[in-house]
Structure formats: C-alpha cells, structure tokens
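The file query11.pdb contains PDB, C-alpha atoms, pLDDT in the B column:
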ATOM      1  CA  MET A   1       0.000   0.000   0.000  1.00 40.00           C
ATOM      2  CA  THR A   2       1.229   3.492  -0.795  1.00 51.00           C
ATOM      3  CA  THR A   3       2.360   5.890   1.946  1.00 62.00           C
ATOM      4  CA  THR A   4       1.677   9.113   0.038  1.00 72.00           C
ATOM      5  CA  ASP A   5       0.063  11.826   2.202  1.00 82.00           C
ATOM      6  CA  PHE A   6      -2.948  12.823   0.100  1.00 79.00           C
ATOM      7  CA  THR A   7      -4.098  15.452   2.615  1.00 84.00           C
ATOM      8  CA  ALA A   8      -0.970  17.533   1.974  1.00 92.00           C
ATOM      9  CA  MET A   9      -1.675  17.762  -1.769  1.00 93.00           C
ATOM     10  CA  THR A  10      -3.909  20.255  -3.510  1.00 96.00           C
ATOM     11  CA  GLY A  11      -6.614  18.676  -5.639  1.00 95.00           C
ATOM     12  CA  LEU A  12      -4.640  19.420  -8.791  1.00 97.00           C
ATOM     13  CA  GLU A  13      -1.489  17.873  -7.318  1.00 95.00           C
ATOM     14  CA  LEU A  14      -3.415  14.752  -6.296  1.00 93.00           C
ATOM     15  CA  MET A  15      -4.999  14.296  -9.730  1.00 94.00           C
ATOM     16  CA  ARG A  16      -1.610  14.754 -11.413  1.00 95.00           C
ATOM     17  CA  TRP A  17      -0.148  12.181  -9.013  1.00 92.00           C
ATOM     18  CA  VAL A  18      -2.906   9.731  -9.982  1.00 90.00           C
ATOM     19  CA  GLN A  19      -2.206  10.444 -13.657  1.00 92.00           C
ATOM     20  CA  THR A  20       1.539   9.837 -13.456  1.00 91.00           C
ATOM     21  CA  GLU A  21       1.755   7.145 -10.791  1.00 86.00           C
ATOM     22  CA  ARG A  22      -1.271   5.088 -11.862  1.00 76.00           C
ATOM     23  CA  PRO A  23      -1.407   3.434  -8.450  1.00 73.00           C
ATOM     24  CA  THR A  24      -2.357  -0.229  -8.719  1.00 74.00           C
ATOM     25  CA  ASP A  25      -2.105  -0.910  -5.008  1.00 75.00           C
ATOM     26  CA  ILE A  26      -5.040   1.364  -4.098  1.00 80.00           C
ATOM     27  CA  PRO A  27      -8.501  -0.139  -4.639  1.00 83.00           C
ATOM     28  CA  SER A  28     -10.660   2.260  -6.671  1.00 90.00           C
ATOM     29  CA  ILE A  29     -13.422   2.387  -9.253  1.00 93.00           C
ATOM     30  CA  GLY A  30     -10.801   3.617 -11.710  1.00 93.00           C
ATOM     31  CA  ARG A  31      -8.715   0.504 -11.199  1.00 92.00           C
ATOM     32  CA  LEU A  32     -11.781  -1.732 -11.420  1.00 94.00           C
ATOM     33  CA  LEU A  33     -12.916  -0.247 -14.754  1.00 96.00           C
ATOM     34  CA  GLY A  34      -9.436   0.384 -16.187  1.00 95.00           C
ATOM     35  CA  MET A  35      -9.716   4.184 -16.279  1.00 96.00           C
ATOM     36  CA  ARG A  36      -6.779   6.212 -17.577  1.00 95.00           C
ATOM     37  CA  PHE A  37      -6.218   9.868 -16.683  1.00 96.00           C
ATOM     38  CA  ASP A  38      -5.254  11.239 -20.091  1.00 97.00           C
ATOM     39  CA  GLU A  39      -5.283  14.973 -19.262  1.00 98.00           C
ATOM     40  CA  VAL A  40      -5.243  16.776 -15.928  1.00 98.00           C
ATOM     41  CA  ASP A  41      -5.552  20.559 -15.822  1.00 98.00           C
ATOM     42  CA  HIS A  42      -7.027  23.052 -13.383  1.00 98.00           C
ATOM     43  CA  GLY A  43     -10.794  22.656 -13.796  1.00 98.00           C
ATOM     44  CA  ARG A  44     -10.603  20.021 -16.553  1.00 98.00           C
ATOM     45  CA  ILE A  45     -10.015  16.262 -16.630  1.00 98.00           C
ATOM     46  CA  VAL A  46     -10.003  13.754 -19.507  1.00 98.00           C
ATOM     47  CA  ILE A  47     -10.429  10.085 -18.554  1.00 98.00           C
ATOM     48  CA  SER A  48     -10.683   7.117 -20.912  1.00 98.00           C
ATOM     49  CA  LEU A  49     -11.332   3.401 -20.694  1.00 98.00           C
ATOM     50  CA  ASP A  50     -11.639   0.470 -23.068  1.00 98.00           C
ATOM     51  CA  THR A  51     -14.945  -1.347 -23.059  1.00 98.00           C
ATOM     52  CA  ARG A  52     -15.147  -5.081 -22.479  1.00 98.00           C
ATOM     53  CA  PRO A  53     -17.849  -7.770 -22.416  1.00 98.00           C
ATOM     54  CA  ASP A  54     -18.137  -7.457 -18.607  1.00 97.00           C
ATOM     55  CA  PHE A  55     -19.634  -3.983 -19.168  1.00 98.00           C
ATOM     56  CA  ALA A  56     -22.649  -5.376 -21.065  1.00 98.00           C
ATOM     57  CA  ASN A  57     -26.274  -4.729 -20.230  1.00 97.00           C
ATOM     58  CA  PRO A  58     -28.906  -7.395 -21.095  1.00 96.00           C
ATOM     59  CA  LEU A  59     -29.069  -6.028 -24.664  1.00 96.00           C
ATOM     60  CA  GLY A  60     -25.344  -6.620 -25.215  1.00 97.00           C
ATOM     61  CA  THR A  61     -24.203  -2.987 -25.308  1.00 98.00           C
ATOM     62  CA  VAL A  62     -22.290  -1.039 -22.648  1.00 98.00           C
ATOM     63  CA  HIS A  63     -24.431  -0.575 -19.534  1.00 98.00           C
ATOM     64  CA  GLY A  64     -25.405   3.055 -18.895  1.00 98.00           C
ATOM     65  CA  GLY A  65     -23.830   2.841 -15.459  1.00 98.00           C
ATOM     66  CA  ILE A  66     -20.389   2.661 -17.073  1.00 98.00           C
ATOM     67  CA  ALA A  67     -20.956   5.974 -18.879  1.00 98.00           C
ATOM     68  CA  ALA A  68     -22.464   7.486 -15.706  1.00 98.00           C
ATOM     69  CA  THR A  69     -19.476   6.364 -13.633  1.00 98.00           C
ATOM     70  CA  LEU A  70     -17.048   7.694 -16.222  1.00 98.00           C
ATOM     71  CA  LEU A  71     -18.890  11.046 -16.241  1.00 98.00           C
ATOM     72  CA  ASP A  72     -19.155  11.214 -12.442  1.00 98.00           C
ATOM     73  CA  SER A  73     -15.418  10.524 -12.189  1.00 98.00           C
ATOM     74  CA  ALA A  74     -14.375  13.047 -14.852  1.00 98.00           C
ATOM     75  CA  MET A  75     -16.602  15.840 -13.553  1.00 98.00           C
ATOM     76  CA  GLY A  76     -15.847  15.149  -9.880  1.00 98.00           C
ATOM     77  CA  CYS A  77     -12.109  14.966 -10.488  1.00 98.00           C
ATOM     78  CA  ALA A  78     -12.307  18.218 -12.478  1.00 98.00           C
ATOM     79  CA  VAL A  79     -13.913  19.815  -9.413  1.00 98.00           C
ATOM     80  CA  HIS A  80     -11.205  18.253  -7.229  1.00 98.00           C
ATOM     81  CA  THR A  81      -8.493  20.017  -9.267  1.00 98.00           C
ATOM     82  CA  THR A  82      -9.835  23.358  -8.017  1.00 98.00           C
ATOM     83  CA  LEU A  83      -9.611  22.466  -4.308  1.00 98.00           C
ATOM     84  CA  PRO A  84      -6.904  23.374  -1.795  1.00 97.00           C
ATOM     85  CA  ALA A  85      -4.978  20.774   0.194  1.00 96.00           C
ATOM     86  CA  GLY A  86      -7.119  18.994   2.769  1.00 94.00           C
ATOM     87  CA  ALA A  87     -10.431  19.781   1.050  1.00 95.00           C
ATOM     88  CA  GLY A  88     -12.693  17.175  -0.487  1.00 94.00           C
ATOM     89  CA  TYR A  89     -15.994  16.936  -2.295  1.00 96.00           C
ATOM     90  CA  THR A  90     -18.946  14.660  -2.808  1.00 97.00           C
ATOM     91  CA  THR A  91     -21.481  14.462  -5.610  1.00 98.00           C
ATOM     92  CA  LEU A  92     -24.824  15.995  -4.635  1.00 98.00           C
ATOM     93  CA  GLU A  93     -26.522  15.578  -7.996  1.00 98.00           C
ATOM     94  CA  LEU A  94     -25.756  13.860 -11.286  1.00 98.00           C
ATOM     95  CA  LYS A  95     -27.877  14.273 -14.424  1.00 98.00           C
ATOM     96  CA  VAL A  96     -26.969  12.058 -17.378  1.00 98.00           C
ATOM     97  CA  ASN A  97     -28.405  12.158 -20.898  1.00 98.00           C
ATOM     98  CA  TYR A  98     -27.741   9.038 -22.973  1.00 98.00           C
ATOM     99  CA  ILE A  99     -27.445   9.590 -26.723  1.00 98.00           C
ATOM    100  CA  ARG A 100     -26.368   6.263 -28.222  1.00 98.00           C
ATOM    101  CA  ALA A 101     -25.166   2.822 -27.211  1.00 98.00           C
ATOM    102  CA  ALA A 102     -21.507   1.874 -27.016  1.00 98.00           C
ATOM    103  CA  ARG A 103     -20.036  -1.480 -28.032  1.00 98.00           C
ATOM    104  CA  THR A 104     -18.382  -3.894 -25.586  1.00 98.00           C
ATOM    105  CA  ASP A 105     -15.583  -4.955 -27.969  1.00 98.00           C
ATOM    106  CA  GLY A 106     -12.677  -2.865 -26.693  1.00 98.00           C
ATOM    107  CA  GLN A 107     -13.966   0.452 -27.980  1.00 97.00           C
ATOM    108  CA  THR A 108     -12.289   3.417 -26.248  1.00 98.00           C
ATOM    109  CA  LEU A 109     -14.667   5.764 -24.440  1.00 98.00           C
ATOM    110  CA  THR A 110     -13.314   9.170 -23.467  1.00 98.00           C
ATOM    111  CA  ALA A 111     -14.925  11.440 -20.896  1.00 98.00           C
ATOM    112  CA  THR A 112     -14.129  15.111 -20.466  1.00 98.00           C
ATOM    113  CA  GLY A 113     -15.196  16.909 -17.293  1.00 98.00           C
ATOM    114  CA  THR A 114     -15.064  20.699 -17.068  1.00 99.00           C
ATOM    115  CA  VAL A 115     -15.802  22.906 -14.072  1.00 98.00           C
ATOM    116  CA  ILE A 116     -18.457  25.528 -14.675  1.00 98.00           C
ATOM    117  CA  HIS A 117     -18.411  27.101 -11.197  1.00 98.00           C
ATOM    118  CA  ALA A 118     -16.249  26.445  -8.144  1.00 98.00           C
ATOM    119  CA  GLY A 119     -17.509  28.183  -5.031  1.00 97.00           C
ATOM    120  CA  ARG A 120     -16.839  27.863  -1.311  1.00 96.00           C
ATOM    121  CA  ARG A 121     -19.645  25.368  -0.632  1.00 98.00           C
ATOM    122  CA  THR A 122     -20.637  23.940  -4.013  1.00 98.00           C
ATOM    123  CA  ALA A 123     -19.220  23.434  -7.476  1.00 98.00           C
ATOM    124  CA  THR A 124     -20.839  22.566 -10.792  1.00 98.00           C
ATOM    125  CA  ALA A 125     -19.366  20.840 -13.821  1.00 98.00           C
ATOM    126  CA  ASP A 126     -20.412  19.370 -17.124  1.00 98.00           C
ATOM    127  CA  GLY A 127     -19.118  16.419 -19.049  1.00 98.00           C
ATOM    128  CA  LYS A 128     -19.407  14.343 -22.176  1.00 98.00           C
ATOM    129  CA  VAL A 129     -18.423  10.854 -23.255  1.00 98.00           C
ATOM    130  CA  LEU A 130     -17.287  10.229 -26.827  1.00 98.00           C
ATOM    131  CA  ASP A 131     -16.572   6.925 -28.540  1.00 98.00           C
ATOM    132  CA  ASP A 132     -13.393   6.275 -30.541  1.00 97.00           C
ATOM    133  CA  GLN A 133     -15.115   7.683 -33.659  1.00 97.00           C
ATOM    134  CA  GLY A 134     -15.825  10.988 -31.894  1.00 98.00           C
ATOM    135  CA  LYS A 135     -19.550  10.276 -31.581  1.00 98.00           C
ATOM    136  CA  LEU A 136     -21.365  11.495 -28.489  1.00 98.00           C
ATOM    137  CA  ILE A 137     -22.404   8.624 -26.200  1.00 98.00           C
ATOM    138  CA  ALA A 138     -23.682  10.652 -23.236  1.00 98.00           C
ATOM    139  CA  HIS A 139     -23.441  14.074 -21.618  1.00 98.00           C
ATOM    140  CA  ALA A 140     -24.064  15.202 -18.067  1.00 98.00           C
ATOM    141  CA  THR A 141     -24.006  17.880 -15.396  1.00 98.00           C
ATOM    142  CA  THR A 142     -23.168  17.620 -11.723  1.00 98.00           C
ATOM    143  CA  THR A 143     -23.344  19.587  -8.522  1.00 98.00           C
ATOM    144  CA  CYS A 144     -20.738  18.782  -5.897  1.00 98.00           C
ATOM    145  CA  MET A 145     -20.609  19.776  -2.232  1.00 98.00           C
ATOM    146  CA  ILE A 146     -17.207  21.016  -1.079  1.00 98.00           C
ATOM    147  CA  LEU A 147     -16.128  19.408   2.212  1.00 95.00           C
TER     148      LEU A 147
END
Show the structure stored in the file as structure tokens.
Amino acid sequence: MTTTDFTAMTGLELMRWVQTERPTDIPSIGRLLGMRFDEVDHGRIVISLDTRPDFANPLGTVHGGIAATLLDSAMGCAVHTTLPAGAGYTTLELKVNYIRAARTDGQTLTATGTVIHAGRRTATADGKVLDDQGKLIAHATTTCMIL
C-alpha cells in the first residue's frame, strides 16, 4: 500500500499524481474499470477506458452505469483540481443524458469533465463521453458539495 500523504496535496497535485503514478495498489473504481487519466488541468479532466464484455447490459451494449461512472469521475475529479490541500468533495446531484449505445468490444470511451463554477460550498461541472469515432455517447451535469 502506498504511503503518500494525500491530505498535503492540492486537488490538482493529487490528480496529477494519480495520472503519473497510476497506483495499482489502491482499490478504486478507476482501477476496477481500467480508467486512464489522459489529461489533468485546473478545472478540466479527460479520462478514458476500453470497453469489455463485462460492461454489457442485457441487450449486449455497454451498460449506462459505465458511462455514468465515467462522467461522475471526470466531472468530480475536475472539481477536485480546483480544491486546496485537505479539502474534499462529494457528488450531490448527477444528471446524465444518454445519446447512443456503445459497443463492448474494446472500444475506447473518453470522458471530459469541465468545471463551470467552483464556489466555497458547491461546485458545478459538465461532461461528455465520446466513442473512438468521436460520436457522443452521453453528456451530463453535476453539482458537488465542497467538504
């Protein structure tokens, strides 16, 4: 298990650490789904993953929960990049619009989360998931409570 002191890092520093270190010894939803932090900037995160048969819904396409989790992660982590050391957040609200199905055959899905507003008590962000052809799979908004 890692001994990194996460509480001493700003949100941006922590997200950049996750991007570069890709910790495999810390259980997380990102590890479970195979998420990659492709871009980490102040107020913006890009995360991708490759689909697999385990992600299937009963119809044989990627379950909507995968897109929702990818969006929640990208938008929440984007909010996290705006926070000072020792601060945290939690999702208060998540609104997802599904546009089209994604395949389970190793297709890369890429989510971008962008902060709209970062206040003292709440933050809002929006996000979108694109497939490897650049087609919109889903888009979303979130409200996060700053802790």
**Study point:** Picked residues, the PyMOL selection byres ((chain A and resi 60) around 12), as a ChimeraX atom specification
**Key:** /A:51-59,61-64,101-105
Point to revise | Result set, the PyMOL selection byres ((chain A and resi 79-85) around 6) on current file, as a ChimeraX atom specification | key: /A:7-12,42-43,76-78,86-87,115
Could you save those same residues with C-alpha atoms as a tab-separated table (two decimals), in the frame of the given file?
chain	number	residue	atom	x	y	z
A	7	THR	CA	-4.10	15.45	2.62
A	8	ALA	CA	-0.97	17.53	1.97
A	9	MET	CA	-1.68	17.76	-1.77
A	10	THR	CA	-3.91	20.26	-3.51
A	11	GLY	CA	-6.61	18.68	-5.64
A	12	LEU	CA	-4.64	19.42	-8.79
A	42	HIS	CA	-7.03	23.05	-13.38
A	43	GLY	CA	-10.79	22.66	-13.80
A	76	GLY	CA	-15.85	15.15	-9.88
A	77	CYS	CA	-12.11	14.97	-10.49
A	78	ALA	CA	-12.31	18.22	-12.48
A	86	GLY	CA	-7.12	18.99	2.77
A	87	ALA	CA	-10.43	19.78	1.05
A	115	VAL	CA	-15.80	22.91	-14.07
Exercise for review: Check which residues satisfy the PyMOL selection byres ((chain A and resi 136) around 12) in the file shown, then give them as a list of chain:residue names.
Suggested key: A:Ala67, A:Asn97, A:Tyr98, A:Ile99, A:Arg100, A:Ala101, A:Ala102, A:Leu109, A:Thr110, A:Ala111, A:Thr112, A:Gly127, A:Lys128, A:Val129, A:Leu130, A:Asp131, A:Asp132, A:Gln133, A:Gly134, A:Lys135, A:Ile137, A:Ala138, A:His139, A:Ala140
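The nearest approach to Thr114 of chain A among the residues A:Asp126, A:Asp50, A:Asp41, A:Glu93, with all atoms listed in the file taken into account, belongs to A:Asp126.
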Check your understanding: Leaving out segment 19-22 of chain A and any residue of its chain fewer than 5 positions from it, which residues lie within 9 Å of it when counting all atoms listed in the file, given as a count of residues only?
Key -> 7
**Study point:** Who sits within 8 Å of Ile116 of chain A, all atoms listed in the file, same chain under 5 positions skipped, as a PyMOL selection string
**Key:** chain A and resi 123-126
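Take atom CA of Leu94 of chain A and atom CA of Gly34 of chain A: the distance between them is 21.7 Å.
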Review point. By how many Å are atom CA of Phe6 of chain A and atom CA of Lys95 of chain A apart?
Key: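 So the two atoms, atom CA of Phe6 of chain A and atom CA of Lys95 of chain A, lie 28.9 Å apart.
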Point to revise | Nearest-residue call for Thr69 of chain A, choices A:Leu49, A:Leu92, A:Val18, A:Ile146, using all atoms listed in the file | key: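 The answer is A:Leu49, which sits nearest to Thr69 of chain A.
Candidate residues A:Ser48, A:Thr141, A:Ile29, A:Leu147 were compared for distance to Gln107 of chain A, and the nearest is A:Ser48, using only C-alpha atoms.
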Practice item. Would you mind reading off the distance between atom CA of Thr24 of chain A and atom CA of Thr142 of chain A, one decimal, in Å? Key: 27.6 Å
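Here the question is which of A:Leu32, A:Met75, A:Ala68, A:Met15 gets nearest to Thr143 of chain A using all atoms listed in the file, and that residue is A:Met75.
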